[in-house]
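File shown: input08.cif. Contents: mmCIF, N, CA and C atoms.
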```cif
data_target
#
loop_
_atom_site.label_atom_id
_atom_site.label_comp_id
_atom_site.auth_asym_id
_atom_site.auth_seq_id
_atom_site.Cartn_x
_atom_site.Cartn_y
_atom_site.Cartn_z
N MET A 1234 -24.53 15.71 -12.09
CA MET A 1234 -23.51 14.76 -11.67
C MET A 1234 -22.43 14.67 -12.74
N PRO A 1235 -21.15 14.73 -12.38
CA PRO A 1235 -20.09 14.68 -13.38
C PRO A 1235 -20.04 13.31 -14.04
N ASP A 1236 -19.52 13.28 -15.28
CA ASP A 1236 -19.43 12.02 -16.01
C ASP A 1236 -18.18 11.24 -15.63
N HIS A 1237 -17.46 11.70 -14.62
CA HIS A 1237 -16.27 11.01 -14.14
C HIS A 1237 -16.25 11.08 -12.62
N PRO A 1238 -15.59 10.12 -11.98
CA PRO A 1238 -15.54 10.13 -10.50
C PRO A 1238 -14.80 11.35 -9.98
N ARG A 1239 -15.17 11.78 -8.79
CA ARG A 1239 -14.51 12.91 -8.13
C ARG A 1239 -13.43 12.36 -7.21
N LEU A 1240 -12.19 12.74 -7.46
CA LEU A 1240 -11.08 12.35 -6.61
C LEU A 1240 -11.02 13.27 -5.40
N THR A 1241 -10.63 12.72 -4.28
CA THR A 1241 -10.50 13.50 -3.05
C THR A 1241 -9.08 13.37 -2.54
N PRO A 1242 -8.28 14.40 -2.71
CA PRO A 1242 -6.92 14.33 -2.17
C PRO A 1242 -6.95 14.49 -0.65
N ARG A 1243 -6.00 13.86 0.03
CA ARG A 1243 -5.86 13.99 1.48
C ARG A 1243 -4.45 14.53 1.73
N LEU A 1244 -4.41 15.73 2.21
CA LEU A 1244 -3.15 16.43 2.42
C LEU A 1244 -2.57 16.09 3.78
N ARG A 1245 -1.38 15.52 3.79
CA ARG A 1245 -0.65 15.24 5.03
C ARG A 1245 0.72 15.90 4.92
N LEU A 1246 1.06 16.64 5.96
CA LEU A 1246 2.36 17.31 5.99
C LEU A 1246 3.24 16.56 6.97
N LYS A 1247 4.29 15.93 6.46
CA LYS A 1247 5.17 15.12 7.30
C LYS A 1247 6.43 15.89 7.66
N LEU A 1248 6.88 15.67 8.87
CA LEU A 1248 8.15 16.19 9.34
C LEU A 1248 8.93 14.97 9.81
N ASP A 1249 9.91 14.56 9.02
CA ASP A 1249 10.60 13.29 9.26
C ASP A 1249 9.57 12.17 9.29
N GLN A 1250 9.45 11.44 10.38
CA GLN A 1250 8.50 10.33 10.47
C GLN A 1250 7.15 10.73 11.05
N ASP A 1251 7.05 11.95 11.55
CA ASP A 1251 5.80 12.41 12.16
C ASP A 1251 4.91 13.11 11.15
N ILE A 1252 3.60 12.92 11.30
CA ILE A 1252 2.65 13.71 10.52
C ILE A 1252 2.40 14.97 11.34
N ALA A 1253 2.96 16.08 10.87
CA ALA A 1253 2.82 17.35 11.58
C ALA A 1253 1.38 17.84 11.51
N LEU A 1254 0.74 17.64 10.37
CA LEU A 1254 -0.65 18.10 10.20
C LEU A 1254 -1.28 17.33 9.06
N GLY A 1255 -2.52 16.92 9.28
CA GLY A 1255 -3.28 16.20 8.28
C GLY A 1255 -4.76 16.47 8.51
N PRO A 1256 -5.62 15.81 7.76
CA PRO A 1256 -7.05 16.08 7.88
C PRO A 1256 -7.61 15.86 9.29
N GLY A 1257 -7.23 14.79 9.94
CA GLY A 1257 -7.72 14.52 11.29
C GLY A 1257 -7.22 15.51 12.31
N LYS A 1258 -5.97 15.89 12.21
CA LYS A 1258 -5.41 16.86 13.14
C LYS A 1258 -6.03 18.23 12.92
N ALA A 1259 -6.31 18.58 11.67
CA ALA A 1259 -6.97 19.85 11.39
C ALA A 1259 -8.38 19.85 11.99
N GLN A 1260 -9.10 18.74 11.88
CA GLN A 1260 -10.43 18.63 12.50
C GLN A 1260 -10.31 18.78 14.01
N LEU A 1261 -9.29 18.17 14.59
CA LEU A 1261 -9.09 18.26 16.03
C LEU A 1261 -8.82 19.71 16.44
N LEU A 1262 -7.99 20.40 15.69
CA LEU A 1262 -7.73 21.81 15.99
C LEU A 1262 -9.02 22.62 15.93
N GLU A 1263 -9.83 22.39 14.92
CA GLU A 1263 -11.10 23.11 14.81
C GLU A 1263 -12.02 22.81 15.99
N ALA A 1264 -12.06 21.53 16.39
CA ALA A 1264 -12.92 21.15 17.51
C ALA A 1264 -12.42 21.76 18.82
N ILE A 1265 -11.11 21.85 18.99
CA ILE A 1265 -10.56 22.49 20.19
C ILE A 1265 -10.89 23.98 20.17
N ALA A 1266 -10.77 24.61 19.01
CA ALA A 1266 -11.09 26.03 18.90
C ALA A 1266 -12.55 26.28 19.25
N ASP A 1267 -13.43 25.37 18.86
CA ASP A 1267 -14.86 25.53 19.14
C ASP A 1267 -15.22 25.25 20.59
N SER A 1268 -14.60 24.22 21.17
CA SER A 1268 -15.00 23.77 22.50
C SER A 1268 -14.11 24.27 23.63
N HIS A 1269 -12.92 24.75 23.30
CA HIS A 1269 -11.93 25.19 24.29
C HIS A 1269 -11.56 24.05 25.24
N SER A 1270 -11.59 22.82 24.71
CA SER A 1270 -11.31 21.65 25.54
C SER A 1270 -10.83 20.50 24.67
N ILE A 1271 -9.72 19.89 25.06
CA ILE A 1271 -9.25 18.70 24.33
C ILE A 1271 -10.23 17.55 24.57
N SER A 1272 -10.70 17.41 25.79
CA SER A 1272 -11.63 16.34 26.12
C SER A 1272 -12.93 16.45 25.32
N ALA A 1273 -13.51 17.63 25.28
CA ALA A 1273 -14.75 17.83 24.52
C ALA A 1273 -14.52 17.65 23.02
N ALA A 1274 -13.37 18.11 22.54
CA ALA A 1274 -13.04 17.95 21.12
C ALA A 1274 -12.91 16.47 20.78
N ALA A 1275 -12.24 15.72 21.65
CA ALA A 1275 -12.07 14.28 21.43
C ALA A 1275 -13.43 13.59 21.40
N LYS A 1276 -14.28 13.92 22.35
CA LYS A 1276 -15.62 13.32 22.41
C LYS A 1276 -16.40 13.63 21.14
N HIS A 1277 -16.35 14.88 20.71
CA HIS A 1277 -17.05 15.30 19.49
C HIS A 1277 -16.58 14.51 18.27
N LEU A 1278 -15.29 14.20 18.23
CA LEU A 1278 -14.72 13.49 17.08
C LEU A 1278 -14.73 11.97 17.26
N GLY A 1279 -15.23 11.50 18.40
CA GLY A 1279 -15.32 10.05 18.62
C GLY A 1279 -13.98 9.39 18.88
N MET A 1280 -13.07 10.09 19.53
CA MET A 1280 -11.78 9.50 19.86
C MET A 1280 -11.53 9.63 21.35
N SER A 1281 -10.60 8.85 21.83
CA SER A 1281 -10.28 8.92 23.25
C SER A 1281 -9.51 10.20 23.56
N TYR A 1282 -9.59 10.61 24.81
CA TYR A 1282 -8.84 11.78 25.25
C TYR A 1282 -7.35 11.53 25.04
N ARG A 1283 -6.89 10.33 25.35
CA ARG A 1283 -5.46 10.01 25.19
C ARG A 1283 -5.02 10.19 23.74
N ARG A 1284 -5.82 9.68 22.82
CA ARG A 1284 -5.49 9.81 21.38
C ARG A 1284 -5.42 11.29 20.99
N ALA A 1285 -6.40 12.05 21.42
CA ALA A 1285 -6.42 13.48 21.10
C ALA A 1285 -5.20 14.17 21.70
N TRP A 1286 -4.87 13.84 22.93
CA TRP A 1286 -3.73 14.46 23.59
C TRP A 1286 -2.43 14.12 22.85
N LEU A 1287 -2.29 12.87 22.41
CA LEU A 1287 -1.08 12.47 21.67
C LEU A 1287 -0.98 13.23 20.34
N LEU A 1288 -2.11 13.42 19.67
CA LEU A 1288 -2.11 14.18 18.42
C LEU A 1288 -1.71 15.63 18.66
N VAL A 1289 -2.26 16.23 19.71
CA VAL A 1289 -1.91 17.61 20.07
C VAL A 1289 -0.43 17.70 20.40
N ASP A 1290 0.06 16.73 21.17
CA ASP A 1290 1.47 16.74 21.55
C ASP A 1290 2.37 16.65 20.32
N THR A 1291 2.03 15.80 19.38
CA THR A 1291 2.82 15.69 18.15
C THR A 1291 2.83 17.01 17.39
N MET A 1292 1.65 17.63 17.24
CA MET A 1292 1.60 18.92 16.54
C MET A 1292 2.44 19.96 17.27
N ASN A 1293 2.29 20.02 18.58
CA ASN A 1293 3.02 21.02 19.36
C ASN A 1293 4.53 20.82 19.24
N GLN A 1294 4.98 19.58 19.13
CA GLN A 1294 6.41 19.31 19.00
C GLN A 1294 6.93 19.57 17.59
N CYS A 1295 6.08 19.45 16.60
CA CYS A 1295 6.52 19.63 15.21
C CYS A 1295 6.70 21.09 14.82
N PHE A 1296 5.98 21.98 15.45
CA PHE A 1296 6.06 23.39 15.08
C PHE A 1296 6.95 24.15 16.06
N ARG A 1297 7.43 25.30 15.64
CA ARG A 1297 8.35 26.09 16.45
C ARG A 1297 7.79 26.45 17.81
N ASN A 1298 6.50 26.70 17.85
CA ASN A 1298 5.79 27.02 19.09
C ASN A 1298 4.51 26.20 19.10
N PRO A 1299 3.94 25.95 20.28
CA PRO A 1299 2.73 25.12 20.36
C PRO A 1299 1.56 25.70 19.56
N LEU A 1300 0.80 24.80 18.95
CA LEU A 1300 -0.43 25.19 18.26
C LEU A 1300 -1.60 25.23 19.23
N VAL A 1301 -1.51 24.41 20.29
CA VAL A 1301 -2.55 24.33 21.30
C VAL A 1301 -1.93 24.66 22.64
N GLN A 1302 -2.56 25.58 23.35
CA GLN A 1302 -2.13 25.95 24.69
C GLN A 1302 -3.15 25.39 25.68
N THR A 1303 -2.65 24.80 26.76
CA THR A 1303 -3.54 24.20 27.74
C THR A 1303 -3.39 24.86 29.10
N ALA A 1304 -4.45 24.78 29.87
CA ALA A 1304 -4.44 25.25 31.26
C ALA A 1304 -4.85 24.06 32.11
N THR A 1305 -4.14 23.82 33.20
CA THR A 1305 -4.46 22.69 34.05
C THR A 1305 -5.77 22.94 34.78
N GLY A 1306 -6.41 21.85 35.17
CA GLY A 1306 -7.69 21.93 35.86
C GLY A 1306 -7.55 22.52 37.25
N GLY A 1307 -8.63 22.67 37.91
CA GLY A 1307 -8.67 23.26 39.24
C GLY A 1307 -10.08 23.71 39.50
N ARG A 1308 -10.22 24.70 40.33
CA ARG A 1308 -11.56 25.21 40.64
C ARG A 1308 -12.30 25.67 39.39
N GLN A 1309 -11.60 26.40 38.55
CA GLN A 1309 -12.22 26.92 37.33
C GLN A 1309 -12.21 25.89 36.20
N GLY A 1310 -11.55 24.76 36.42
CA GLY A 1310 -11.45 23.75 35.37
C GLY A 1310 -10.32 24.09 34.42
N GLY A 1311 -9.89 23.11 33.68
CA GLY A 1311 -8.82 23.32 32.72
C GLY A 1311 -9.37 23.87 31.43
N GLY A 1312 -8.61 23.77 30.43
CA GLY A 1312 -9.08 24.23 29.13
C GLY A 1312 -7.96 24.19 28.12
N ALA A 1313 -8.31 24.43 26.92
CA ALA A 1313 -7.35 24.45 25.83
C ALA A 1313 -7.83 25.45 24.79
N GLU A 1314 -6.88 26.05 24.15
CA GLU A 1314 -7.22 26.96 23.05
C GLU A 1314 -6.10 26.95 22.04
N LEU A 1315 -6.45 27.33 20.83
CA LEU A 1315 -5.42 27.44 19.81
C LEU A 1315 -4.62 28.70 20.08
N SER A 1316 -3.31 28.57 19.91
CA SER A 1316 -2.45 29.74 20.01
C SER A 1316 -2.64 30.57 18.74
N GLU A 1317 -2.05 31.73 18.72
CA GLU A 1317 -2.09 32.54 17.50
C GLU A 1317 -1.48 31.75 16.34
N LEU A 1318 -0.37 31.06 16.63
CA LEU A 1318 0.26 30.23 15.60
C LEU A 1318 -0.68 29.11 15.18
N GLY A 1319 -1.39 28.52 16.14
CA GLY A 1319 -2.33 27.45 15.81
C GLY A 1319 -3.41 27.91 14.84
N HIS A 1320 -3.97 29.08 15.09
CA HIS A 1320 -4.97 29.63 14.16
C HIS A 1320 -4.35 29.89 12.79
N HIS A 1321 -3.15 30.42 12.78
CA HIS A 1321 -2.47 30.74 11.52
C HIS A 1321 -2.18 29.46 10.72
N VAL A 1322 -1.62 28.44 11.39
CA VAL A 1322 -1.28 27.18 10.72
C VAL A 1322 -2.55 26.51 10.19
N LEU A 1323 -3.61 26.49 10.99
CA LEU A 1323 -4.87 25.89 10.53
C LEU A 1323 -5.40 26.62 9.30
N GLY A 1324 -5.36 27.93 9.31
CA GLY A 1324 -5.80 28.70 8.14
C GLY A 1324 -4.97 28.41 6.91
N LEU A 1325 -3.65 28.34 7.08
CA LEU A 1325 -2.76 28.02 5.96
C LEU A 1325 -3.08 26.63 5.40
N TYR A 1326 -3.26 25.68 6.30
CA TYR A 1326 -3.55 24.30 5.90
C TYR A 1326 -4.86 24.24 5.11
N ARG A 1327 -5.91 24.90 5.60
CA ARG A 1327 -7.20 24.87 4.90
C ARG A 1327 -7.11 25.55 3.54
N ARG A 1328 -6.36 26.64 3.44
CA ARG A 1328 -6.18 27.30 2.13
C ARG A 1328 -5.40 26.40 1.18
N TYR A 1329 -4.40 25.71 1.70
CA TYR A 1329 -3.61 24.79 0.89
C TYR A 1329 -4.50 23.66 0.37
N GLU A 1330 -5.37 23.13 1.24
CA GLU A 1330 -6.32 22.10 0.81
C GLU A 1330 -7.20 22.59 -0.34
N GLN A 1331 -7.71 23.81 -0.21
CA GLN A 1331 -8.57 24.37 -1.25
C GLN A 1331 -7.82 24.52 -2.57
N ARG A 1332 -6.59 24.98 -2.50
CA ARG A 1332 -5.79 25.11 -3.72
C ARG A 1332 -5.57 23.76 -4.37
N LEU A 1333 -5.35 22.74 -3.56
CA LEU A 1333 -5.16 21.39 -4.08
C LEU A 1333 -6.45 20.89 -4.75
N LEU A 1334 -7.59 21.14 -4.12
CA LEU A 1334 -8.86 20.72 -4.70
C LEU A 1334 -9.15 21.41 -6.03
N ASN A 1335 -8.66 22.64 -6.17
CA ASN A 1335 -8.95 23.42 -7.37
C ASN A 1335 -7.83 23.39 -8.41
N CYS A 1336 -6.78 22.61 -8.18
CA CYS A 1336 -5.68 22.62 -9.13
C CYS A 1336 -6.08 21.87 -10.40
N PRO A 1337 -5.62 22.34 -11.55
CA PRO A 1337 -6.02 21.71 -12.82
C PRO A 1337 -5.55 20.27 -12.94
N GLU A 1338 -4.46 19.92 -12.28
CA GLU A 1338 -3.96 18.54 -12.37
C GLU A 1338 -4.96 17.54 -11.78
N LEU A 1339 -5.66 17.95 -10.72
CA LEU A 1339 -6.65 17.06 -10.12
C LEU A 1339 -7.78 16.81 -11.11
N GLY A 1340 -8.24 17.87 -11.77
CA GLY A 1340 -9.28 17.71 -12.79
C GLY A 1340 -8.82 16.81 -13.93
N GLU A 1341 -7.58 16.95 -14.32
CA GLU A 1341 -7.04 16.11 -15.39
C GLU A 1341 -6.96 14.65 -14.94
N LEU A 1342 -6.53 14.42 -13.70
CA LEU A 1342 -6.50 13.06 -13.18
C LEU A 1342 -7.90 12.46 -13.12
N GLU A 1343 -8.88 13.26 -12.73
CA GLU A 1343 -10.26 12.78 -12.66
C GLU A 1343 -10.75 12.32 -14.04
N GLN A 1344 -10.32 13.03 -15.07
CA GLN A 1344 -10.72 12.66 -16.43
C GLN A 1344 -10.15 11.29 -16.83
N LEU A 1345 -9.09 10.88 -16.17
CA LEU A 1345 -8.41 9.63 -16.52
C LEU A 1345 -8.91 8.44 -15.71
N ILE A 1346 -9.80 8.69 -14.77
CA ILE A 1346 -10.35 7.62 -13.94
C ILE A 1346 -11.42 6.87 -14.72
N GLN A 1347 -11.42 5.57 -14.59
CA GLN A 1347 -12.41 4.72 -15.25
C GLN A 1347 -13.79 4.99 -14.66
N PRO A 1348 -14.77 5.38 -15.47
CA PRO A 1348 -16.13 5.59 -14.93
C PRO A 1348 -16.63 4.33 -14.23
N GLY A 1349 -17.21 4.50 -13.06
CA GLY A 1349 -17.74 3.37 -12.30
C GLY A 1349 -16.70 2.59 -11.53
N SER A 1350 -15.42 2.98 -11.63
CA SER A 1350 -14.38 2.21 -10.96
C SER A 1350 -14.51 2.27 -9.44
N SER A 1351 -15.03 3.36 -8.92
CA SER A 1351 -15.20 3.50 -7.48
C SER A 1351 -16.16 2.44 -6.95
N ASN A 1352 -17.27 2.24 -7.64
CA ASN A 1352 -18.25 1.23 -7.22
C ASN A 1352 -17.68 -0.17 -7.35
N THR A 1353 -16.94 -0.42 -8.42
CA THR A 1353 -16.34 -1.74 -8.63
C THR A 1353 -15.32 -2.04 -7.56
N LEU A 1354 -14.45 -1.07 -7.23
CA LEU A 1354 -13.44 -1.27 -6.21
C LEU A 1354 -14.08 -1.53 -4.86
N HIS A 1355 -15.09 -0.76 -4.50
CA HIS A 1355 -15.75 -0.92 -3.21
C HIS A 1355 -16.40 -2.31 -3.13
N LYS A 1356 -17.06 -2.73 -4.19
CA LYS A 1356 -17.74 -4.02 -4.20
C LYS A 1356 -16.73 -5.15 -4.07
N THR A 1357 -15.62 -5.05 -4.78
CA THR A 1357 -14.57 -6.07 -4.73
C THR A 1357 -13.95 -6.15 -3.35
N GLN A 1358 -13.71 -5.02 -2.71
CA GLN A 1358 -13.07 -5.00 -1.40
C GLN A 1358 -13.98 -5.53 -0.30
N THR A 1359 -15.29 -5.43 -0.47
CA THR A 1359 -16.20 -5.87 0.59
C THR A 1359 -16.65 -7.30 0.41
N GLU A 1360 -16.38 -7.92 -0.72
CA GLU A 1360 -16.81 -9.32 -0.95
C GLU A 1360 -15.87 -10.29 -0.29
#
```
Represent the structure from my file as structure tokens, please.
Amino acid sequence: MPDHPRLTPRLRLKLDQDIALGPGKAQLLEAIADSHSISAAAKHLGMSYRRAWLLVDTMNQCFRNPLVQTATGGRQGGGAELSELGHHVLGLYRRYEQRLLNCPELGELEQLIQPGSSNTLHKTQTE
């Protein structure tokens, strides 16, 4: 166990006022890639279909081309899949996250954190 707390950065990429991509949207993209369904991805992540659809819509509008392609329901049922761009953007985002986790500045910031401060902050916030 390290002698200092581990900081966890959360990478959010904003385009004007919209969050084009962040941790939750990346998880949603992964769940859509796995399930081929926005509905199933939403259920897996514990969110409503409407919320998932709004997140997909925001991502699709922020990038030059859609990250998620959908097919309307019918006899064969609908579906969703990541576009080639969607796979590429998700890969870039995950690599960027890893670089952030491994950057020396994060380690230096961790060294400056008060030992035990995480437990103290959590206890104070819940009392």
Worksheet item: So how far away is CA of Leu1333 in chain A from CA of Thr1241 in chain A, in Å?
Response: 9.6 Å
Practice prompt. Write out as a PyMOL selection string each polymer residue whose atoms come within 12 Å of Glu1330 in chain A, counting only C-alpha atoms; drop sequence neighbours fewer than 5 positions from it.
Written response: chain A and resi 1241-1246+1254-1256+1259+1323-1325+1335-1336
Item to complete: Kindly give the distance, in Å, that separates atom N of Ala1264 in chain A and CA of Met1280 in chain A, rounded to a single decimal.
Response: 12.5 Å
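Distance check against Glu1341 in chain A using only C-alpha atoms: of A:Leu1240, A:Cys1295, A:Ala1275, A:Gly1319, the minimum falls on A:Leu1240.
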Discussion item. For a cutoff of 9 Å around the file-coordinate point (-1.9, 22.7, 21.1), which residues qualify once you count only C-alpha atoms? I'd like the result as a ChimeraX atom specification.
Written reply: /A:1262,1265,1271,1286,1288-1293,1299-1303,1313-1316,1319
Item to complete: Step one, run DSSP on the backbone; step two, keep only residues of chain A assigned to alpha helix (DSSP H); then write them as a PyMOL selection string.
Response: chain A and resi 1256-1268+1271-1278+1282-1295+1317-1334+1337-1344+1350-1359
Worksheet entry | All strand (DSSP E or B) positions in chain A, as JSON, numbers by chain | {"A": [1246, 1247, 1248, 1251, 1252, 1253, 1254, 1301, 1302, 1303, 1304, 1312, 1313, 1314, 1315]}
Item to complete: Using CA of Arg1239 in chain A and CA of Val1322 in chain A as the two end points, give the distance in Å to one decimal.
Response: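 The value is 27.1 Å.
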